[in-house]
file start.txt (compact mmCIF, N, CA and C atoms)
# COMPACT_ATOMS: atom_id res chain seq x y z
N MET Z 29 -26.24 7.01 -4.26
CA MET Z 29 -26.13 8.21 -5.05
C MET Z 29 -24.95 8.08 -6.02
N THR Z 30 -25.10 8.55 -7.21
CA THR Z 30 -24.06 8.51 -8.23
C THR Z 30 -23.56 9.92 -8.50
N THR Z 31 -22.26 10.04 -8.70
CA THR Z 31 -21.67 11.32 -9.06
C THR Z 31 -20.62 11.09 -10.14
N ASN Z 32 -20.27 12.10 -10.87
CA ASN Z 32 -19.26 11.99 -11.91
C ASN Z 32 -17.95 12.60 -11.44
N ALA Z 33 -16.85 12.10 -11.97
CA ALA Z 33 -15.52 12.62 -11.67
C ALA Z 33 -14.70 12.58 -12.95
N THR Z 34 -13.61 13.32 -12.97
CA THR Z 34 -12.73 13.38 -14.12
C THR Z 34 -11.37 12.80 -13.74
N ILE Z 35 -10.83 11.93 -14.57
CA ILE Z 35 -9.50 11.39 -14.34
C ILE Z 35 -8.50 12.48 -14.70
N GLN Z 36 -7.59 12.77 -13.75
CA GLN Z 36 -6.62 13.84 -13.95
C GLN Z 36 -5.21 13.31 -13.77
N LYS Z 37 -4.26 13.94 -14.42
CA LYS Z 37 -2.86 13.56 -14.31
C LYS Z 37 -2.29 14.14 -13.01
N TRP Z 38 -1.65 13.30 -12.22
CA TRP Z 38 -0.96 13.69 -10.99
C TRP Z 38 0.44 13.11 -11.06
N GLY Z 39 1.42 13.91 -11.42
CA GLY Z 39 2.79 13.41 -11.58
C GLY Z 39 2.84 12.41 -12.72
N ASN Z 40 3.35 11.22 -12.45
CA ASN Z 40 3.41 10.16 -13.46
C ASN Z 40 2.19 9.25 -13.40
N SER Z 41 1.22 9.58 -12.58
CA SER Z 41 0.04 8.75 -12.41
C SER Z 41 -1.21 9.52 -12.81
N GLN Z 42 -2.33 8.85 -12.74
CA GLN Z 42 -3.63 9.49 -12.93
C GLN Z 42 -4.46 9.22 -11.68
N GLY Z 43 -5.41 10.09 -11.42
CA GLY Z 43 -6.23 9.90 -10.23
C GLY Z 43 -7.56 10.60 -10.36
N ILE Z 44 -8.45 10.28 -9.43
CA ILE Z 44 -9.73 10.96 -9.33
C ILE Z 44 -9.89 11.46 -7.90
N ARG Z 45 -10.69 12.47 -7.73
CA ARG Z 45 -11.00 12.95 -6.39
C ARG Z 45 -12.34 12.33 -5.99
N ILE Z 46 -12.35 11.78 -4.80
CA ILE Z 46 -13.58 11.16 -4.30
C ILE Z 46 -14.22 12.14 -3.33
N PRO Z 47 -15.46 12.53 -3.60
CA PRO Z 47 -16.13 13.49 -2.73
C PRO Z 47 -16.23 12.98 -1.28
N LYS Z 48 -16.12 13.91 -0.34
CA LYS Z 48 -16.14 13.57 1.08
C LYS Z 48 -17.41 12.83 1.47
N PHE Z 49 -18.56 13.23 0.91
CA PHE Z 49 -19.81 12.58 1.32
C PHE Z 49 -19.83 11.09 0.93
N ILE Z 50 -19.10 10.73 -0.11
CA ILE Z 50 -19.02 9.31 -0.49
C ILE Z 50 -18.13 8.56 0.49
N LEU Z 51 -16.99 9.15 0.83
CA LEU Z 51 -16.09 8.51 1.80
C LEU Z 51 -16.76 8.34 3.15
N GLU Z 52 -17.54 9.33 3.56
CA GLU Z 52 -18.22 9.25 4.85
C GLU Z 52 -19.23 8.10 4.89
N GLN Z 53 -19.83 7.77 3.76
CA GLN Z 53 -20.83 6.70 3.72
C GLN Z 53 -20.23 5.34 4.08
N ILE Z 54 -18.94 5.16 3.82
CA ILE Z 54 -18.32 3.88 4.16
C ILE Z 54 -17.17 4.04 5.17
N ASN Z 55 -17.20 5.15 5.89
CA ASN Z 55 -16.25 5.42 6.97
C ASN Z 55 -14.79 5.38 6.51
N LEU Z 56 -14.49 6.03 5.39
CA LEU Z 56 -13.12 6.20 4.94
C LEU Z 56 -12.72 7.65 5.12
N ASP Z 57 -11.42 7.88 5.27
CA ASP Z 57 -10.90 9.22 5.47
C ASP Z 57 -9.57 9.32 4.75
N THR Z 58 -8.94 10.48 4.80
CA THR Z 58 -7.63 10.66 4.21
C THR Z 58 -6.67 9.62 4.76
N ASN Z 59 -5.86 9.02 3.89
CA ASN Z 59 -4.86 8.00 4.22
C ASN Z 59 -5.46 6.66 4.61
N SER Z 60 -6.75 6.43 4.37
CA SER Z 60 -7.33 5.11 4.61
C SER Z 60 -6.78 4.13 3.58
N ASP Z 61 -6.55 2.89 4.00
CA ASP Z 61 -6.11 1.86 3.07
C ASP Z 61 -7.32 1.30 2.33
N VAL Z 62 -7.17 1.12 1.03
CA VAL Z 62 -8.24 0.56 0.21
C VAL Z 62 -7.65 -0.53 -0.69
N SER Z 63 -8.51 -1.41 -1.16
CA SER Z 63 -8.10 -2.36 -2.19
C SER Z 63 -8.81 -1.97 -3.48
N ILE Z 64 -8.10 -2.11 -4.58
CA ILE Z 64 -8.63 -1.72 -5.88
C ILE Z 64 -8.59 -2.94 -6.79
N SER Z 65 -9.71 -3.23 -7.44
CA SER Z 65 -9.76 -4.35 -8.36
C SER Z 65 -10.53 -3.94 -9.61
N VAL Z 66 -10.39 -4.75 -10.64
CA VAL Z 66 -11.09 -4.50 -11.90
C VAL Z 66 -11.97 -5.69 -12.20
N THR Z 67 -13.23 -5.44 -12.47
CA THR Z 67 -14.17 -6.48 -12.87
C THR Z 67 -14.87 -6.00 -14.13
N ASN Z 68 -14.69 -6.76 -15.20
CA ASN Z 68 -15.22 -6.37 -16.51
C ASN Z 68 -14.74 -4.97 -16.84
N ASP Z 69 -15.64 -4.00 -16.96
CA ASP Z 69 -15.23 -2.64 -17.29
C ASP Z 69 -15.42 -1.69 -16.10
N SER Z 70 -15.33 -2.24 -14.87
CA SER Z 70 -15.54 -1.44 -13.67
C SER Z 70 -14.31 -1.48 -12.77
N ILE Z 71 -14.01 -0.35 -12.14
CA ILE Z 71 -12.98 -0.28 -11.11
C ILE Z 71 -13.70 -0.31 -9.78
N ILE Z 72 -13.32 -1.24 -8.90
CA ILE Z 72 -13.98 -1.39 -7.61
C ILE Z 72 -13.00 -1.02 -6.51
N ILE Z 73 -13.39 -0.05 -5.68
CA ILE Z 73 -12.57 0.40 -4.56
C ILE Z 73 -13.29 0.00 -3.28
N LYS Z 74 -12.60 -0.77 -2.43
CA LYS Z 74 -13.19 -1.22 -1.16
C LYS Z 74 -12.25 -0.91 -0.02
N LYS Z 75 -12.80 -0.87 1.20
CA LYS Z 75 -11.96 -0.76 2.39
C LYS Z 75 -11.02 -1.96 2.40
N ALA Z 76 -9.75 -1.70 2.68
CA ALA Z 76 -8.79 -2.79 2.78
C ALA Z 76 -9.02 -3.55 4.08
N THR Z 77 -8.94 -4.85 4.00
CA THR Z 77 -9.04 -5.67 5.19
C THR Z 77 -7.66 -6.25 5.47
N LYS Z 78 -7.24 -6.14 6.69
CA LYS Z 78 -5.94 -6.66 7.08
C LYS Z 78 -6.14 -8.04 7.68
N LYS Z 79 -5.54 -9.03 7.03
CA LYS Z 79 -5.64 -10.41 7.49
C LYS Z 79 -4.63 -10.64 8.60
N HIS Z 80 -5.09 -11.17 9.71
CA HIS Z 80 -4.19 -11.50 10.82
C HIS Z 80 -3.43 -12.77 10.45
N ILE Z 81 -2.11 -12.71 10.49
CA ILE Z 81 -1.28 -13.88 10.20
C ILE Z 81 -0.69 -14.36 11.52
N PRO Z 82 -1.06 -15.57 11.94
CA PRO Z 82 -0.54 -16.10 13.21
C PRO Z 82 0.99 -16.21 13.18
N LEU Z 83 1.60 -16.10 14.36
CA LEU Z 83 3.05 -16.15 14.47
C LEU Z 83 3.61 -17.44 13.88
N ALA Z 84 2.97 -18.55 14.12
CA ALA Z 84 3.44 -19.84 13.58
C ALA Z 84 3.49 -19.81 12.06
N GLU Z 85 2.51 -19.18 11.44
CA GLU Z 85 2.48 -19.09 9.98
C GLU Z 85 3.57 -18.15 9.47
N ARG Z 86 3.84 -17.09 10.22
CA ARG Z 86 4.89 -16.15 9.82
C ARG Z 86 6.27 -16.82 9.80
N PHE Z 87 6.49 -17.76 10.70
CA PHE Z 87 7.78 -18.43 10.81
C PHE Z 87 7.79 -19.82 10.19
N ALA Z 88 6.80 -20.15 9.40
CA ALA Z 88 6.68 -21.49 8.83
C ALA Z 88 7.90 -21.87 8.00
N ASP Z 89 8.51 -20.95 7.29
CA ASP Z 89 9.65 -21.25 6.43
C ASP Z 89 11.00 -21.02 7.11
N TYR Z 90 10.99 -20.63 8.38
CA TYR Z 90 12.23 -20.34 9.09
C TYR Z 90 12.94 -21.63 9.45
N THR Z 91 14.23 -21.74 9.08
CA THR Z 91 14.99 -22.97 9.33
C THR Z 91 15.77 -22.92 10.63
N GLY Z 92 15.89 -21.76 11.24
CA GLY Z 92 16.64 -21.64 12.47
C GLY Z 92 18.10 -21.30 12.25
N GLU Z 93 18.50 -21.24 11.00
CA GLU Z 93 19.88 -20.92 10.69
C GLU Z 93 20.06 -19.41 10.56
N ALA Z 94 20.99 -18.88 11.37
CA ALA Z 94 21.28 -17.45 11.31
C ALA Z 94 22.25 -17.19 10.17
N GLN Z 95 22.12 -16.06 9.55
CA GLN Z 95 23.03 -15.68 8.47
C GLN Z 95 24.03 -14.68 9.04
N ASN Z 96 25.08 -15.22 9.66
CA ASN Z 96 26.09 -14.36 10.27
C ASN Z 96 27.14 -13.98 9.23
N GLY Z 97 27.83 -12.90 9.49
CA GLY Z 97 28.92 -12.51 8.60
C GLY Z 97 28.84 -11.04 8.28
N GLU Z 98 29.77 -10.61 7.45
CA GLU Z 98 29.82 -9.23 7.03
C GLU Z 98 29.07 -9.06 5.73
N TYR Z 99 28.51 -7.89 5.55
CA TYR Z 99 27.78 -7.58 4.33
C TYR Z 99 28.42 -6.38 3.66
N ASP Z 100 28.56 -6.46 2.35
CA ASP Z 100 29.08 -5.33 1.59
C ASP Z 100 27.89 -4.60 0.99
N TRP Z 101 27.63 -3.41 1.45
CA TRP Z 101 26.49 -2.63 0.98
C TRP Z 101 26.86 -1.75 -0.20
N GLY Z 102 28.11 -1.86 -0.70
CA GLY Z 102 28.53 -1.05 -1.83
C GLY Z 102 29.09 0.28 -1.40
N GLU Z 103 29.40 1.10 -2.38
CA GLU Z 103 29.97 2.42 -2.14
C GLU Z 103 28.92 3.38 -1.56
N PRO Z 104 29.34 4.39 -0.80
CA PRO Z 104 28.39 5.38 -0.29
C PRO Z 104 27.65 6.05 -1.45
N GLN Z 105 26.36 6.31 -1.25
CA GLN Z 105 25.53 6.90 -2.29
C GLN Z 105 25.19 8.35 -2.00
N GLY Z 106 25.45 8.79 -0.82
CA GLY Z 106 25.10 10.16 -0.45
C GLY Z 106 26.16 10.75 0.43
N GLU Z 107 25.77 11.19 1.62
CA GLU Z 107 26.71 11.84 2.52
C GLU Z 107 27.04 10.95 3.73
N GLU Z 108 26.99 9.60 3.52
CA GLU Z 108 27.29 8.70 4.62
C GLU Z 108 28.75 8.86 5.05
N VAL Z 109 29.00 8.62 6.31
CA VAL Z 109 30.36 8.66 6.83
C VAL Z 109 30.72 7.25 7.25
N TRP Z 110 31.80 6.71 6.68
CA TRP Z 110 32.19 5.33 7.01
C TRP Z 110 33.44 5.34 7.80
call {"tool": "encode", "arguments": {"input": "start.txt", "output": "structure tokens"}}
result
Amino acid sequence: MTTNATIQKWGNSQGIRIPKFILEQINLDTNSDVSISVTNDSIIIKKATKKHIPLAERFADYTGEAQNGEYDWGEPQGEEVW
């Protein structure tokens, strides 16, 4: 089924409202993660897929060297108490 929508300004961005019946067809809900891509003159919105990254791959670049020492985070920016 095809439906029309209007691009609207939301803050500094633009957006469209996706009707609930369309989201239900692909099991999406509020706060669902999606991937957005552009192909030719079309915007494609798909369910986001989370790729499992094995622990060994996550630590592939780890050298084993700890970065010990003090860090200077700069001057307080709000109501921090030092």
call {"tool": "atom_distance", "arguments": {"input": "start.txt", "atom1": "atom CA of Z:Leu51", "atom2": "atom CA of Z:Thr67"}}
result
21.1 Å
call {"tool": "atom_distance", "arguments": {"input": "start.txt", "atom1": "atom CA of Z:Thr77", "atom2": "atom N of Z:Ser63"}}
result
7.7 Å
call {"tool": "atom_distance", "arguments": {"input": "start.txt", "atom1": "atom CA of Z:Ala33", "atom2": "atom CA of Z:Ile46"}}
result
7.8 Å
call {"tool": "select_by_dssp", "arguments": {"input": "start.txt", "residues": "chain Z", "states": "helix (DSSP H, G or I)", "output": "MDAnalysis selection string"}}
result
chainID Z and resid 48:53 83:86
call {"tool": "write_last_selection", "arguments": {"input": "start.txt", "atoms": "N, CA and C atoms", "output": "mmCIF file, in the coordinates of the input"}}
result
data_model
loop_
_atom_site.group_PDB
_atom_site.id
_atom_site.type_symbol
_atom_site.label_atom_id
_atom_site.label_comp_id
_atom_site.auth_asym_id
_atom_site.auth_seq_id
_atom_site.Cartn_x
_atom_site.Cartn_y
_atom_site.Cartn_z
ATOM 1 N N LYS Z 48 -16.120 13.910 -0.340
ATOM 2 C CA LYS Z 48 -16.140 13.570 1.080
ATOM 3 C C LYS Z 48 -17.410 12.830 1.470
ATOM 4 N N PHE Z 49 -18.560 13.230 0.910
ATOM 5 C CA PHE Z 49 -19.810 12.580 1.320
ATOM 6 C C PHE Z 49 -19.830 11.090 0.930
ATOM 7 N N ILE Z 50 -19.100 10.730 -0.110
ATOM 8 C CA ILE Z 50 -19.020 9.310 -0.490
ATOM 9 C C ILE Z 50 -18.130 8.560 0.490
ATOM 10 N N LEU Z 51 -16.990 9.150 0.830
ATOM 11 C CA LEU Z 51 -16.090 8.510 1.800
ATOM 12 C C LEU Z 51 -16.760 8.340 3.150
ATOM 13 N N GLU Z 52 -17.540 9.330 3.560
ATOM 14 C CA GLU Z 52 -18.220 9.250 4.850
ATOM 15 C C GLU Z 52 -19.230 8.100 4.890
ATOM 16 N N GLN Z 53 -19.830 7.770 3.760
ATOM 17 C CA GLN Z 53 -20.830 6.700 3.720
ATOM 18 C C GLN Z 53 -20.230 5.340 4.080
ATOM 19 N N LEU Z 83 1.600 -16.100 14.360
ATOM 20 C CA LEU Z 83 3.050 -16.150 14.470
ATOM 21 C C LEU Z 83 3.610 -17.440 13.880
ATOM 22 N N ALA Z 84 2.970 -18.550 14.120
ATOM 23 C CA ALA Z 84 3.440 -19.840 13.580
ATOM 24 C C ALA Z 84 3.490 -19.810 12.060
ATOM 25 N N GLU Z 85 2.510 -19.180 11.440
ATOM 26 C CA GLU Z 85 2.480 -19.090 9.980
ATOM 27 C C GLU Z 85 3.570 -18.150 9.470
ATOM 28 N N ARG Z 86 3.840 -17.090 10.220
ATOM 29 C CA ARG Z 86 4.890 -16.150 9.820
ATOM 30 C C ARG Z 86 6.270 -16.820 9.800
#
call {"tool": "axis_aligned_box", "arguments": {"input": "start.txt", "around": "stretch 34-48 of chain Z", "padding_each_side": "3 Å", "output": "AutoDock Vina command-line options"}}
result
--center_x -7.0 --center_y 11.4 --center_z -6.6 --size_x 26.8 --size_y 11.4 --size_z 22.2
call {"tool": "select_by_dssp", "arguments": {"input": "start.txt", "residues": "chain Z", "states": "strand (DSSP E)", "output": "number ranges by chain"}}
result
Z: 36-38, 41-43, 62-67, 70-75
call {"tool": "residues_around", "arguments": {"input": "start.txt", "residues": "stretch 55-58 of chain Z", "least_positions_apart": "3", "cutoff": "12 Å", "atoms": "only C-alpha atoms", "output": "list in words"}}
result
Arg45, Ile46, Pro47, Lys48, Phe49, Ile50, Leu51, Glu52, Asp61, Val62, Ile73, Lys74, Lys75 and Ala76 of chain Z
